[in-house]
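> For reference, the file my_file26.txt (compact mmCIF, C-alpha atoms and all ligand atoms) is included below:
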# COMPACT_ATOMS: atom_id res chain seq x y z
CA MET H 1 27.83 169.28 105.10
CA ASN H 2 28.53 168.75 101.40
CA LYS H 3 27.88 165.46 99.63
CA VAL H 4 30.67 162.93 99.02
CA PHE H 5 31.04 162.06 95.33
CA VAL H 6 31.97 158.43 94.69
CA LEU H 7 33.16 158.01 91.13
CA GLY H 8 33.67 154.65 89.39
CA VAL H 9 36.47 155.33 86.92
CA GLY H 10 36.35 152.10 84.93
CA PRO H 11 39.12 149.60 84.20
CA GLY H 12 41.78 152.26 83.66
CA SER H 13 41.90 153.68 80.15
CA PRO H 14 40.39 157.18 79.75
CA ASP H 15 38.44 155.70 76.80
CA TYR H 16 36.26 153.85 79.31
CA LEU H 17 35.71 156.79 81.65
CA SER H 18 32.26 158.35 81.37
CA PRO H 19 31.93 162.08 80.52
CA ALA H 20 29.59 162.46 83.54
CA ILE H 21 32.41 161.38 85.84
CA VAL H 22 34.98 163.63 84.20
CA GLU H 23 32.53 166.53 84.66
CA GLN H 24 32.02 165.75 88.37
CA ALA H 25 35.74 165.13 88.99
CA ALA H 26 36.55 168.50 87.43
CA LYS H 27 34.28 170.24 89.95
CA CYS H 28 35.95 168.66 92.99
CA ASP H 29 38.36 170.61 95.19
CA LEU H 30 39.93 167.37 96.39
CA LEU H 31 40.20 163.99 94.64
CA ILE H 32 41.10 160.90 96.66
CA GLY H 33 42.01 157.58 95.05
CA GLY H 34 44.61 154.98 94.23
CA LYS H 35 47.64 156.11 92.19
CA ARG H 36 46.37 154.55 88.95
CA ASN H 37 42.97 156.25 89.28
CA LEU H 38 44.35 159.66 90.27
CA GLU H 39 46.55 159.66 87.16
CA LEU H 40 43.40 159.87 85.03
CA PHE H 41 42.77 163.46 86.11
CA ASN H 42 44.93 166.56 85.92
CA PHE H 43 42.80 169.60 86.61
CA PRO H 44 44.76 172.76 87.43
CA GLY H 45 44.69 173.78 91.10
CA GLN H 46 42.98 170.59 92.23
CA GLU H 47 44.34 168.76 95.27
CA LYS H 48 44.88 164.99 95.08
CA LEU H 49 45.47 162.54 97.91
CA GLU H 50 46.57 158.98 97.31
CA ILE H 51 44.96 156.06 99.14
CA LYS H 52 47.65 153.83 100.62
CA LYS H 53 47.30 152.27 104.05
CA ASN H 54 46.00 155.56 105.43
CA LEU H 55 42.24 155.01 105.34
CA ASN H 56 41.50 156.29 108.86
CA LEU H 57 43.44 159.46 108.21
CA LEU H 58 41.70 159.94 104.84
CA MET H 59 38.25 159.52 106.43
CA ALA H 60 39.14 162.23 108.97
CA ILE H 61 40.39 164.52 106.19
CA ILE H 62 37.20 164.00 104.16
CA LYS H 63 35.03 164.82 107.21
CA ASP H 64 36.99 167.97 107.81
CA ARG H 65 36.90 169.12 104.17
CA LEU H 66 33.21 168.44 103.61
CA THR H 67 32.22 171.55 105.50
CA ASP H 68 33.31 173.79 102.64
CA GLN H 69 34.78 171.66 99.84
CA LYS H 70 33.64 169.23 97.19
CA VAL H 71 35.39 165.90 97.68
CA GLY H 72 35.51 163.10 95.08
CA ILE H 73 36.54 159.53 95.88
CA LEU H 74 37.76 157.57 92.87
CA VAL H 75 37.21 153.83 92.85
CA SER H 76 38.39 151.49 90.13
CA GLY H 77 35.86 149.85 87.83
CA ASP H 78 32.31 150.13 89.11
CA THR H 79 31.28 151.49 92.50
CA GLY H 80 28.97 148.56 93.20
CA ILE H 81 31.42 145.69 93.13
CA TYR H 82 34.21 145.24 95.68
CA SER H 83 34.74 148.96 96.19
CA MET H 84 35.04 151.39 99.12
CA LEU H 85 31.33 152.19 98.85
CA PRO H 86 30.25 150.20 101.98
CA LEU H 87 33.00 151.83 104.04
CA LEU H 88 32.00 155.31 102.85
CA ALA H 89 28.32 154.58 103.54
CA ARG H 90 29.22 153.53 107.11
CA GLU H 91 31.35 156.61 107.67
CA PHE H 92 29.14 159.27 106.11
CA GLY H 93 25.67 157.72 105.70
CA ARG H 94 24.28 156.59 102.37
CA GLN H 95 22.22 159.78 102.00
CA THR H 96 25.47 161.81 101.95
CA LEU H 97 26.89 159.90 98.98
CA VAL H 98 26.38 160.74 95.33
CA VAL H 99 27.47 157.67 93.38
CA TYR H 100 28.43 157.55 89.71
CA PRO H 101 28.84 154.05 88.23
CA GLY H 102 31.74 152.95 86.05
CA ILE H 103 32.56 150.00 83.83
CA SER H 104 33.78 147.12 85.98
CA ALA H 105 36.86 145.12 85.03
CA VAL H 106 34.47 142.14 85.10
CA GLN H 107 32.13 143.70 82.54
CA TYR H 108 35.07 144.66 80.37
CA MET H 109 36.65 141.19 80.49
CA PHE H 110 33.40 139.36 79.68
CA ALA H 111 32.84 141.73 76.76
CA ARG H 112 36.35 140.97 75.47
CA LEU H 113 35.56 137.24 75.68
CA GLY H 114 32.18 137.72 73.97
CA LEU H 115 30.43 136.18 76.98
CA THR H 116 27.53 137.28 79.19
CA TRP H 117 28.13 137.79 82.90
CA HIS H 118 24.56 137.78 84.29
CA ASP H 119 25.11 134.06 84.79
CA ALA H 120 28.60 134.29 86.30
CA ARG H 121 29.55 134.00 89.95
CA ILE H 122 31.94 136.73 90.98
CA PHE H 123 34.43 136.49 93.85
CA SER H 124 37.35 138.49 95.08
CA LEU H 125 40.70 137.14 96.20
CA HIS H 126 41.93 140.73 96.47
CA GLY H 127 43.26 140.87 100.05
CA ARG H 128 41.13 137.91 101.13
CA GLU H 129 41.18 134.12 101.07
CA LEU H 130 38.58 131.82 99.55
CA ASP H 131 39.10 128.42 101.16
CA ASP H 132 36.45 126.64 99.12
CA LEU H 133 37.64 128.08 95.79
CA ALA H 134 38.00 124.70 94.04
CA ALA H 135 34.56 123.52 95.22
CA ILE H 136 32.92 126.75 94.04
CA ILE H 137 34.57 126.56 90.64
CA SER H 138 33.76 122.90 90.29
CA ALA H 139 30.06 123.65 90.91
CA SER H 140 29.83 126.73 88.65
CA GLU H 141 29.63 127.14 84.91
CA LYS H 142 31.23 130.61 84.91
CA VAL H 143 33.32 132.28 87.59
CA ALA H 144 35.16 135.60 87.65
CA LEU H 145 37.90 136.18 90.22
CA PHE H 146 39.52 139.43 91.22
CA THR H 147 43.11 138.61 92.16
CA ASP H 148 45.96 140.36 93.94
CA PRO H 149 49.77 140.00 93.98
CA LYS H 150 49.50 137.16 96.55
CA ASN H 151 46.47 135.31 95.17
CA THR H 152 47.76 135.06 91.62
CA PRO H 153 46.30 133.32 88.54
CA ALA H 154 49.06 130.68 88.87
CA LEU H 155 47.95 129.96 92.45
CA VAL H 156 44.32 129.68 91.31
CA CYS H 157 45.36 127.21 88.59
CA ARG H 158 47.44 125.22 91.06
CA ARG H 159 44.47 124.90 93.42
CA LEU H 160 42.23 123.77 90.55
CA PHE H 161 44.82 121.31 89.25
CA GLU H 162 45.43 119.81 92.70
CA ALA H 163 41.65 119.44 93.19
CA GLY H 164 41.47 117.48 89.94
CA ILE H 165 39.69 120.27 88.02
CA LYS H 166 41.60 120.00 84.78
CA GLY H 167 39.02 120.52 82.03
CA LYS H 168 37.80 124.06 82.73
CA LYS H 169 39.12 126.83 80.52
CA VAL H 170 40.91 129.63 82.35
CA TYR H 171 41.23 133.14 80.90
CA ILE H 172 43.60 135.66 82.42
CA GLY H 173 43.00 139.31 81.50
CA GLU H 174 45.99 141.51 82.28
CA ASN H 175 46.01 145.34 82.24
CA LEU H 176 42.53 145.43 80.76
CA SER H 177 41.77 148.50 78.62
CA TYR H 178 45.41 149.67 78.67
CA PRO H 179 47.66 149.57 75.59
CA ASN H 180 49.51 146.58 77.11
CA GLU H 181 46.29 144.59 77.65
CA LYS H 182 46.79 140.84 77.23
CA ILE H 183 44.35 137.94 77.49
CA THR H 184 45.81 134.46 77.93
CA ALA H 185 43.71 131.29 77.69
CA GLY H 186 44.53 127.76 78.77
CA TYR H 187 43.69 124.88 81.05
CA PRO H 188 44.92 124.88 84.66
CA ALA H 189 47.82 122.56 83.76
CA ASP H 190 49.05 125.06 81.13
CA LEU H 191 49.08 128.01 83.52
CA LEU H 192 50.69 126.63 86.69
CA ASP H 193 53.74 128.85 86.18
CA PHE H 194 51.91 131.84 84.73
CA ASN H 195 53.84 134.97 85.59
CA GLY H 196 52.31 138.22 84.41
CA SER H 197 51.06 141.60 85.51
CA ASP H 198 49.79 142.06 89.07
CA LEU H 199 46.73 143.79 87.58
CA ASN H 200 44.64 140.93 86.30
CA LEU H 201 41.29 139.26 86.42
CA VAL H 202 40.61 135.54 85.99
CA VAL H 203 37.55 134.04 84.30
CA ILE H 204 36.89 130.30 84.43
CA ASN H 205 34.37 128.96 82.00
CA GLY H 206 32.84 125.65 81.01
CA GLU H 207 33.32 122.00 81.85
C1 LIG H 301 39.42 145.99 94.66
S1 LIG H 301 39.02 145.21 93.13
C2 LIG H 301 38.04 146.48 92.46
C3 LIG H 301 37.06 146.01 91.44
C4 LIG H 301 36.37 147.16 90.75
N1 LIG H 301 35.40 147.80 91.61
C5 LIG H 301 35.70 146.75 89.44
O1 LIG H 301 34.49 146.96 89.29
O2 LIG H 301 36.42 146.27 88.55
C6 LIG H 301 40.55 145.41 92.26
C7 LIG H 301 40.80 144.24 91.34
O3 LIG H 301 40.11 144.47 90.10
C8 LIG H 301 40.84 143.87 89.04
N2 LIG H 301 41.13 144.92 88.05
C9 LIG H 301 40.84 146.23 88.15
N3 LIG H 301 41.23 146.89 87.05
C10 LIG H 301 41.77 145.97 86.22
C11 LIG H 301 42.36 146.03 84.93
N4 LIG H 301 42.46 147.18 84.25
N5 LIG H 301 42.83 144.89 84.39
C12 LIG H 301 42.74 143.71 85.06
N6 LIG H 301 42.19 143.59 86.28
C13 LIG H 301 41.71 144.71 86.86
C14 LIG H 301 42.09 143.25 89.65
O4 LIG H 301 41.80 141.89 89.97
C15 LIG H 301 42.25 144.07 90.93
O5 LIG H 301 43.00 143.38 91.90
Turn this file's structure into structure tokens for me.

Amino acid sequence: MNKVFVLGVGPGSPDYLSPAIVEQAAKCDLLIGGKRNLELFNFPGQEKLEIKKNLNLLMAIIKDRLTDQKVGILVSGDTGIYSMLPLLAREFGRQTLVVYPGISAVQYMFARLGLTWHDARIFSLHGRELDDLAAIISASEKVALFTDPKNTPALVCRRLFEAGIKGKKVYIGENLSYPNEKITAGYPADLLDFNGSDLNLVVINGE
């Protein structure tokens, strides 16, 4: 059985995609990934399959193709942070995976803010709830939150505001690395009605 190549494609712009990953992606017969990630590659004759809500089917297709094809799975940002890597390791075994890291949206955002992230706590609200969000933020100096269209920056700010956390600075990074990138800063009270791109990351910093 061939190896499965797991490629971290960075925050989205080709400028933040490593040459090593482009080289590996070019050698794949089949690339699997979200729409945004697949759009980064256009190699002639290469097959692409989009990840939607079809994960079981995709796992079966990968298993079938691995006998004679090279398959690449594209994940956004870095492979090691809230990615499909654990699922792929369960399905195929860690020894079958060849993993190439990418630049996480978290790394990118902290760099834009001129802040370190070794001292940040990182959580995901992407498809999951975090009931003790306000308590965590209250107890932490720096927090990064992956969001989704349901758990929006405005909802985060509302939960902070209602919990009486009014003095922490909130930064919302939208469409990071793309030409329409935008970073908005404010206190929870300023951002209760924030309405922006679905693709965003929230950083909360300070007292
Ligand atoms: C499933 S997580 C994947 C995280 C990824 N492994 C990483 O290292 O960045 C997807 C979330 O990452 C954030 N994200 C990814 N790319 C982004 C970008 N270009 N701009 C803003 N947020 C981004 C959003 O919060 C999105 O909902």
> Under the rule of at most 6 Å, produce a per-residue listing of chain H near ligand LIG 301 (chain H): chain, number, name, the closest pair of atoms, and the distance in Å, as JSON lines, using all atoms listed in the file.

{"residue": "H:Pro11", "atom": "CA", "partner": "H:LIG301", "partner_atom": "N4", "distance": 4.1}
{"residue": "H:Gly12", "atom": "CA", "partner": "H:LIG301", "partner_atom": "N4", "distance": 5.2}
{"residue": "H:Ser76", "atom": "CA", "partner": "H:LIG301", "partner_atom": "C4", "distance": 4.8}
{"residue": "H:Gly77", "atom": "CA", "partner": "H:LIG301", "partner_atom": "C5", "distance": 3.5}
{"residue": "H:Asp78", "atom": "CA", "partner": "H:LIG301", "partner_atom": "O1", "distance": 3.9}
{"residue": "H:Thr79", "atom": "CA", "partner": "H:LIG301", "partner_atom": "N1", "distance": 5.6}
{"residue": "H:Ile81", "atom": "CA", "partner": "H:LIG301", "partner_atom": "N1", "distance": 4.8}
{"residue": "H:Tyr82", "atom": "CA", "partner": "H:LIG301", "partner_atom": "N1", "distance": 5.0}
{"residue": "H:Ser83", "atom": "CA", "partner": "H:LIG301", "partner_atom": "N1", "distance": 4.8}
{"residue": "H:Ser104", "atom": "CA", "partner": "H:LIG301", "partner_atom": "O1", "distance": 3.4}
{"residue": "H:Ala105", "atom": "CA", "partner": "H:LIG301", "partner_atom": "O2", "distance": 3.7}
{"residue": "H:Val106", "atom": "CA", "partner": "H:LIG301", "partner_atom": "O2", "distance": 5.7}
{"residue": "H:His126", "atom": "CA", "partner": "H:LIG301", "partner_atom": "O5", "distance": 5.4}
{"residue": "H:Phe146", "atom": "CA", "partner": "H:LIG301", "partner_atom": "O4", "distance": 3.6}
{"residue": "H:Thr147", "atom": "CA", "partner": "H:LIG301", "partner_atom": "O4", "distance": 4.2}
{"residue": "H:Asp148", "atom": "CA", "partner": "H:LIG301", "partner_atom": "O5", "distance": 4.7}
{"residue": "H:Gly173", "atom": "CA", "partner": "H:LIG301", "partner_atom": "C12", "distance": 5.7}
{"residue": "H:Glu174", "atom": "CA", "partner": "H:LIG301", "partner_atom": "C12", "distance": 4.8}
{"residue": "H:Asn175", "atom": "CA", "partner": "H:LIG301", "partner_atom": "N5", "distance": 3.9}
{"residue": "H:Leu176", "atom": "CA", "partner": "H:LIG301", "partner_atom": "N5", "distance": 3.7}
{"residue": "H:Ser177", "atom": "CA", "partner": "H:LIG301", "partner_atom": "N4", "distance": 5.8}
{"residue": "H:Leu199", "atom": "CA", "partner": "H:LIG301", "partner_atom": "C12", "distance": 4.7}
{"residue": "H:Asn200", "atom": "CA", "partner": "H:LIG301", "partner_atom": "C12", "distance": 3.6}
{"residue": "H:Leu201", "atom": "CA", "partner": "H:LIG301", "partner_atom": "N6", "distance": 4.4}
> Identify, on the basis of all atoms listed in the file, every residue whose closest approach to Ile204 of chain H does not exceed 8 Å; exclude the query and any residue fewer than 2 positions from it along the same chain; express the result as a list in words.
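Neighbouring residues, sequence-local ones excluded: Ile137, Glu141, Lys142, Val143, Ala144, Lys168, Lys169, Val170, Tyr171, Val202 and Gly206 of chain H.
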> Write to file, as a PDB file, in the frame of the given file, the residues of the selection just made, with C-alpha atoms.

ATOM      1  CA  ILE H 137      34.570 126.560  90.640  1.00  0.00           C
ATOM      2  CA  GLU H 141      29.630 127.140  84.910  1.00  0.00           C
ATOM      3  CA  LYS H 142      31.230 130.610  84.910  1.00  0.00           C
ATOM      4  CA  VAL H 143      33.320 132.280  87.590  1.00  0.00           C
ATOM      5  CA  ALA H 144      35.160 135.600  87.650  1.00  0.00           C
ATOM      6  CA  LYS H 168      37.800 124.060  82.730  1.00  0.00           C
ATOM      7  CA  LYS H 169      39.120 126.830  80.520  1.00  0.00           C
ATOM      8  CA  VAL H 170      40.910 129.630  82.350  1.00  0.00           C
ATOM      9  CA  TYR H 171      41.230 133.140  80.900  1.00  0.00           C
ATOM     10  CA  VAL H 202      40.610 135.540  85.990  1.00  0.00           C
ATOM     11  CA  GLY H 206      32.840 125.650  81.010  1.00  0.00           C
TER      12      GLY H 206
END
> Determine the nearest neighbour of Ala135 of chain H from the options H:Phe110, H:Gly164, H:Leu115, H:Ile183, counting all atoms listed in the file.
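Checking each candidate against Ala135 of chain H, we get H:Gly164 as the closest.
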> Given only C-alpha atoms as the basis, pick out the residue of H:Gln107, H:Asn54, H:Asn195, H:Gln95 nearest to Gly10 of chain H.
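Using only C-alpha atoms, the shortest distance to Gly10 of chain H belongs to H:Gln107.
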> Quick check, in Å to one decimal: how far apart do atom CA of Leu31 of chain H and atom CA of Pro86 of chain H lie?
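Distance reported for this atom pair: 18.5 Å.
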> Give me, as a ChimeraX atom specification, all polymer residues having an atom no more than 9 Å from segment 64-72 of chain H, counting all atoms listed in the file and skipping those fewer than 4 positions away in the same chain.
/H:1-7,24-25,27-33,59-60
> Work out how far atom CA of Tyr16 of chain H is from atom CA of Phe194 of chain H, in Å to one decimal.
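Computed distance, atom CA of Phe194 of chain H to atom CA of Tyr16 of chain H, equals 27.5 Å.
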> Rounded to one decimal place, report the atom CA of Ala134 of chain H-atom CA of Leu191 of chain H distance in Å.
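According to the coordinates, atom CA of Ala134 of chain H and atom CA of Leu191 of chain H are separated by 15.6 Å.
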> List the neighbours of Glu162 of chain H out to 12 Å using only C-alpha atoms; skip same-chain residues closer than 2 positions along the sequence, and give me the result as an mmCIF file with C-alpha atoms, keeping the file's coordinate frame.

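Contents of part-v2.cif, freshly written:
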data_model
loop_
_atom_site.group_PDB
_atom_site.id
_atom_site.type_symbol
_atom_site.label_atom_id
_atom_site.label_comp_id
_atom_site.auth_asym_id
_atom_site.auth_seq_id
_atom_site.Cartn_x
_atom_site.Cartn_y
_atom_site.Cartn_z
ATOM 1 C CA LEU H 133 37.640 128.080 95.790
ATOM 2 C CA ALA H 134 38.000 124.700 94.040
ATOM 3 C CA ALA H 135 34.560 123.520 95.220
ATOM 4 C CA LEU H 155 47.950 129.960 92.450
ATOM 5 C CA VAL H 156 44.320 129.680 91.310
ATOM 6 C CA CYS H 157 45.360 127.210 88.590
ATOM 7 C CA ARG H 158 47.440 125.220 91.060
ATOM 8 C CA ARG H 159 44.470 124.900 93.420
ATOM 9 C CA LEU H 160 42.230 123.770 90.550
ATOM 10 C CA GLY H 164 41.470 117.480 89.940
ATOM 11 C CA ILE H 165 39.690 120.270 88.020
ATOM 12 C CA LYS H 166 41.600 120.000 84.780
ATOM 13 C CA PRO H 188 44.920 124.880 84.660
ATOM 14 C CA ALA H 189 47.820 122.560 83.760
ATOM 15 C CA LEU H 192 50.690 126.630 86.690
#
> Go through segment 52-143 of chain H and flag each residue having an atom no more than 9 Å from segment 35-41 of chain H; for those, report the closest pair of atoms plus their distance in Å to one decimal, using all atoms listed in the file, ordered by chain and rising number, as a tab-separated table.

residue	atom	partner	partner_atom	distance
H:Lys52	CA	H:Lys35	CA	8.7
H:Leu74	CA	H:Asn37	CA	6.5
H:Val75	CA	H:Asn37	CA	7.2
H:Ser76	CA	H:Asn37	CA	6.7
> Please determine, counting all atoms listed in the file, which residue among H:Val98, H:Leu85, H:Ala154, H:Ala163 has the shortest atom-to-atom distance to Ser197 of chain H.
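That would be H:Ala154, the residue with the smallest distance to Ser197 of chain H.
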> Could you pull the residues within 9 Å of Gly80 of chain H, counting only C-alpha atoms, minus those fewer than 6 positions along the same chain, as an NGL selection string?
:H and (8 or 101-102 or 104)
